[in-house]
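One file, input.cif, carrying mmCIF, C-alpha atoms:
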data_my_file
#
loop_
_atom_site.group_PDB
_atom_site.id
_atom_site.type_symbol
_atom_site.label_atom_id
_atom_site.label_comp_id
_atom_site.auth_asym_id
_atom_site.auth_seq_id
_atom_site.Cartn_x
_atom_site.Cartn_y
_atom_site.Cartn_z
ATOM 1 C CA MET A 1 2.581 -24.447 -1.344
ATOM 2 C CA THR A 2 -0.776 -23.654 -2.905
ATOM 3 C CA LEU A 3 -1.162 -27.217 -4.179
ATOM 4 C CA PHE A 4 -0.578 -28.577 -0.675
ATOM 5 C CA LEU A 5 -2.979 -26.018 0.794
ATOM 6 C CA THR A 6 -5.626 -26.883 -1.798
ATOM 7 C CA ILE A 7 -5.331 -30.584 -0.946
ATOM 8 C CA VAL A 8 -5.581 -29.888 2.791
ATOM 9 C CA ILE A 9 -8.654 -27.688 2.197
ATOM 10 C CA GLY A 10 -10.212 -30.556 0.239
ATOM 11 C CA VAL A 11 -9.539 -32.982 3.077
ATOM 12 C CA PHE A 12 -11.022 -30.636 5.668
ATOM 13 C CA SER A 13 -14.045 -30.010 3.429
ATOM 14 C CA SER A 14 -14.705 -33.746 3.354
ATOM 15 C CA LEU A 15 -14.164 -33.995 7.098
ATOM 16 C CA PHE A 16 -16.548 -31.093 7.655
ATOM 17 C CA ALA A 17 -19.201 -32.705 5.452
ATOM 18 C CA THR A 18 -18.796 -35.947 7.388
ATOM 19 C CA GLU A 19 -19.074 -34.215 10.764
ATOM 20 C CA ILE A 20 -22.297 -32.372 9.958
ATOM 21 C CA THR A 21 -24.036 -35.407 8.423
ATOM 22 C CA PRO A 22 -24.404 -38.038 11.138
ATOM 23 C CA ASN A 23 -26.580 -40.937 9.970
ATOM 24 C CA GLY A 24 -26.676 -39.452 6.440
ATOM 25 C CA ILE A 25 -28.788 -36.438 7.432
ATOM 26 C CA VAL A 26 -27.337 -32.923 7.144
ATOM 27 C CA GLU A 27 -27.554 -31.042 10.445
ATOM 28 C CA TRP A 28 -26.556 -27.450 9.716
ATOM 29 C CA ASN A 29 -26.785 -26.535 13.409
ATOM 30 C CA ARG A 30 -23.590 -28.560 13.967
ATOM 31 C CA THR A 31 -21.595 -26.294 11.608
ATOM 32 C CA PHE A 32 -20.154 -23.920 14.200
ATOM 33 C CA LYS A 33 -19.528 -26.718 16.701
ATOM 34 C CA THR A 34 -17.090 -28.662 14.527
ATOM 35 C CA TYR A 35 -13.347 -28.061 14.587
ATOM 36 C CA SER A 36 -12.995 -28.825 10.897
ATOM 37 C CA PHE A 37 -15.201 -25.833 10.009
ATOM 38 C CA TRP A 38 -12.968 -23.360 11.819
ATOM 39 C CA ILE A 39 -9.788 -24.927 10.446
ATOM 40 C CA LEU A 40 -11.358 -24.800 6.976
ATOM 41 C CA ILE A 41 -12.142 -21.095 7.409
ATOM 42 C CA ILE A 42 -8.571 -20.330 8.509
ATOM 43 C CA LEU A 43 -7.026 -22.353 5.671
ATOM 44 C CA SER A 44 -9.344 -20.730 3.126
ATOM 45 C CA ILE A 45 -8.363 -17.241 4.291
ATOM 46 C CA ILE A 46 -4.668 -18.152 4.024
ATOM 47 C CA TRP A 47 -5.235 -19.629 0.558
ATOM 48 C CA LEU A 48 -7.089 -16.496 -0.555
ATOM 49 C CA TRP A 49 -4.378 -14.196 0.855
ATOM 50 C CA ILE A 50 -1.653 -16.141 -0.968
ATOM 51 C CA HIS A 51 -3.491 -15.971 -4.283
ATOM 52 C CA ILE A 52 -4.254 -12.260 -3.966
ATOM 53 C CA ASN A 53 -0.563 -11.592 -3.342
ATOM 54 C CA LEU A 54 0.424 -13.770 -6.313
ATOM 55 C CA MET A 55 -2.011 -11.883 -8.514
ATOM 56 C CA GLU A 56 -0.625 -8.511 -7.413
ATOM 57 C CA TYR A 57 2.916 -9.744 -8.079
ATOM 58 C CA ASP A 58 1.933 -10.970 -11.549
ATOM 59 C CA ASN A 59 0.297 -7.637 -12.336
ATOM 60 C CA SER A 60 3.410 -5.728 -11.254
ATOM 61 C CA ILE A 61 5.557 -7.900 -13.538
ATOM 62 C CA LEU A 62 3.077 -7.582 -16.404
ATOM 63 C CA ALA A 63 3.573 -3.809 -16.441
ATOM 64 C CA PHE A 64 7.188 -4.349 -17.547
ATOM 65 C CA SER A 65 6.059 -6.062 -20.752
ATOM 66 C CA ASP A 66 5.226 -2.614 -22.128
ATOM 67 C CA ASP A 67 8.241 -0.841 -23.658
ATOM 68 C CA GLU A 68 6.941 2.628 -22.826
ATOM 69 C CA TYR A 69 6.510 1.680 -19.187
ATOM 70 C CA CYS A 70 10.080 0.352 -19.057
ATOM 71 C CA LYS A 71 11.447 3.554 -20.554
ATOM 72 C CA ALA A 72 9.464 5.684 -18.114
ATOM 73 C CA TYR A 73 10.627 3.501 -15.228
ATOM 74 C CA MET A 74 14.279 3.913 -16.270
ATOM 75 C CA ARG A 75 13.868 7.675 -16.560
ATOM 76 C CA LYS A 76 12.269 7.848 -13.128
ATOM 77 C CA ALA A 77 15.035 5.755 -11.548
ATOM 78 C CA GLN A 78 17.745 7.900 -13.139
ATOM 79 C CA LEU A 79 16.040 11.108 -12.059
ATOM 80 C CA GLU A 80 15.754 9.880 -8.487
ATOM 81 C CA ALA A 81 19.436 8.911 -8.438
ATOM 82 C CA TYR A 82 20.442 12.247 -9.951
ATOM 83 C CA VAL A 83 18.368 14.218 -7.438
ATOM 84 C CA LEU A 84 19.873 12.212 -4.587
ATOM 85 C CA ASN A 85 23.358 12.978 -5.924
ATOM 86 C CA ILE A 86 22.516 16.687 -6.092
ATOM 87 C CA LYS A 87 21.217 16.661 -2.523
ATOM 88 C CA GLU A 88 24.310 14.903 -1.212
ATOM 89 C CA ASN A 89 26.897 16.856 -3.256
ATOM 90 C CA PRO A 90 25.355 20.118 -4.471
ATOM 91 C CA LYS A 91 28.717 21.761 -5.153
ATOM 92 C CA GLU A 92 29.974 18.945 -7.380
ATOM 93 C CA VAL A 93 27.116 19.170 -9.870
ATOM 94 C CA ASN A 94 27.736 21.455 -12.810
ATOM 95 C CA THR A 95 25.720 22.509 -15.821
ATOM 96 C CA MET A 96 27.647 20.257 -18.175
ATOM 97 C CA GLU A 97 26.540 17.168 -16.234
ATOM 98 C CA LEU A 98 22.978 18.415 -16.223
ATOM 99 C CA ASN A 99 22.965 18.909 -19.988
ATOM 100 C CA GLU A 100 24.416 15.422 -20.527
ATOM 101 C CA PHE A 101 21.809 13.974 -18.214
ATOM 102 C CA LYS A 102 18.997 15.759 -20.062
ATOM 103 C CA SER A 103 20.261 14.463 -23.401
ATOM 104 C CA LYS A 104 20.295 10.897 -22.004
ATOM 105 C CA LEU A 105 16.719 11.261 -20.860
ATOM 106 C CA GLU A 106 15.694 12.582 -24.257
ATOM 107 C CA GLY A 107 17.258 9.468 -25.795
ATOM 108 C CA TYR A 108 14.839 7.263 -23.801
ATOM 109 C CA LYS A 109 11.844 9.037 -25.288
ATOM 110 C CA LYS A 110 12.605 7.759 -28.800
#

Translate this file's structure into structure tokens.
Amino acid sequence: MTLFLTIVIGVFSSLFATEITPNGIVEWNRTFKTYSFWILIILSIIWLWIHINLMEYDNSILAFSDDEYCKAYMRKAQLEAYVLNIKENPKEVNTMELNEFKSKLEGYKK
């Protein structure tokens, strides 16, 4: 997708340069009057948006390369699930389960 978009941006850049240089002389006052300029702006914004989202996705994946982050993430997910279980079934939770759960969480710290 980004390769195609990059090629199309290149084509519209050339078209824009051709449209604002009649007879080989650059006429900057024609910039806002050409369709290729506005299409180029729109395509560039889309291209930038795609790459910002890809960068954010890469950064979110990169966090999981750290073992400590993974352990903390697992602990958080288990805590959230346990709290949800307590909220839904408060009478079914007993102290034995809580102690087992705490010992599991302690195991992730090591």

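As for atom CA of A:Ser103 and atom CA of A:Glu68, they are spaced 17.8 Å apart.
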
Please define a box with edges along x, y and z of the file around all atoms of stretch 28-37 of chain A given in the file, extend it by 4 Å on each side, and return its centre and edge lengths in Å to one decimal, as JSON.
{"center_x": -19.9, "center_y": -26.4, "center_z": 13.2, "size_x": 21.8, "size_y": 12.9, "size_z": 15.0}

>> Neighbouring residues of A:Thr34 were defined as those with any atom within 8 Å, considering all atoms listed in the file; residues of the same chain fewer than 5 positions away were excluded. Please report them as number ranges by chain.
In response: A: 16, 19-20

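For the pair atom CA of A:Asn29 and atom CA of A:Ala17, the interatomic distance is 12.6 Å.
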
>> Report, in Å with one decimal, the straight-line distance from atom CA of A:Glu100 to atom CA of A:Leu79.
In response: 12.7 Å

> In terms of the shortest atom-to-atom distance over all atoms listed in the file, which of A:Leu54, A:Leu15, A:Ala63, A:Ala81 is closest to A:Ile39?
Replying inline: A:Leu15

>> Show me, as number ranges by chain, the residues that have an atom within 10 Å of stretch 7-9 of chain A when counting only C-alpha atoms, minus same-chain residues fewer than 5 positions from it.
In response: A: 2, 14-15, 36, 39-44, 47

Using the selection just defined, write its residues with C-alpha atoms as a compact mmCIF listing (two decimals), in the coordinates of the input.
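After the write, part_22.txt holds the following:
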# COMPACT_ATOMS: atom_id res chain seq x y z
CA THR A 2 -0.78 -23.65 -2.90
CA SER A 14 -14.70 -33.75 3.35
CA LEU A 15 -14.16 -33.99 7.10
CA SER A 36 -13.00 -28.82 10.90
CA ILE A 39 -9.79 -24.93 10.45
CA LEU A 40 -11.36 -24.80 6.98
CA ILE A 41 -12.14 -21.10 7.41
CA ILE A 42 -8.57 -20.33 8.51
CA LEU A 43 -7.03 -22.35 5.67
CA SER A 44 -9.34 -20.73 3.13
CA TRP A 47 -5.24 -19.63 0.56

>> Taking the file as I've supplied it (selection: the PyMOL selection byres ((chain A and resi 74) around 12)), which residues are included? Please answer as number ranges by chain.
In response: A: 64, 67-73, 75-81, 104-109
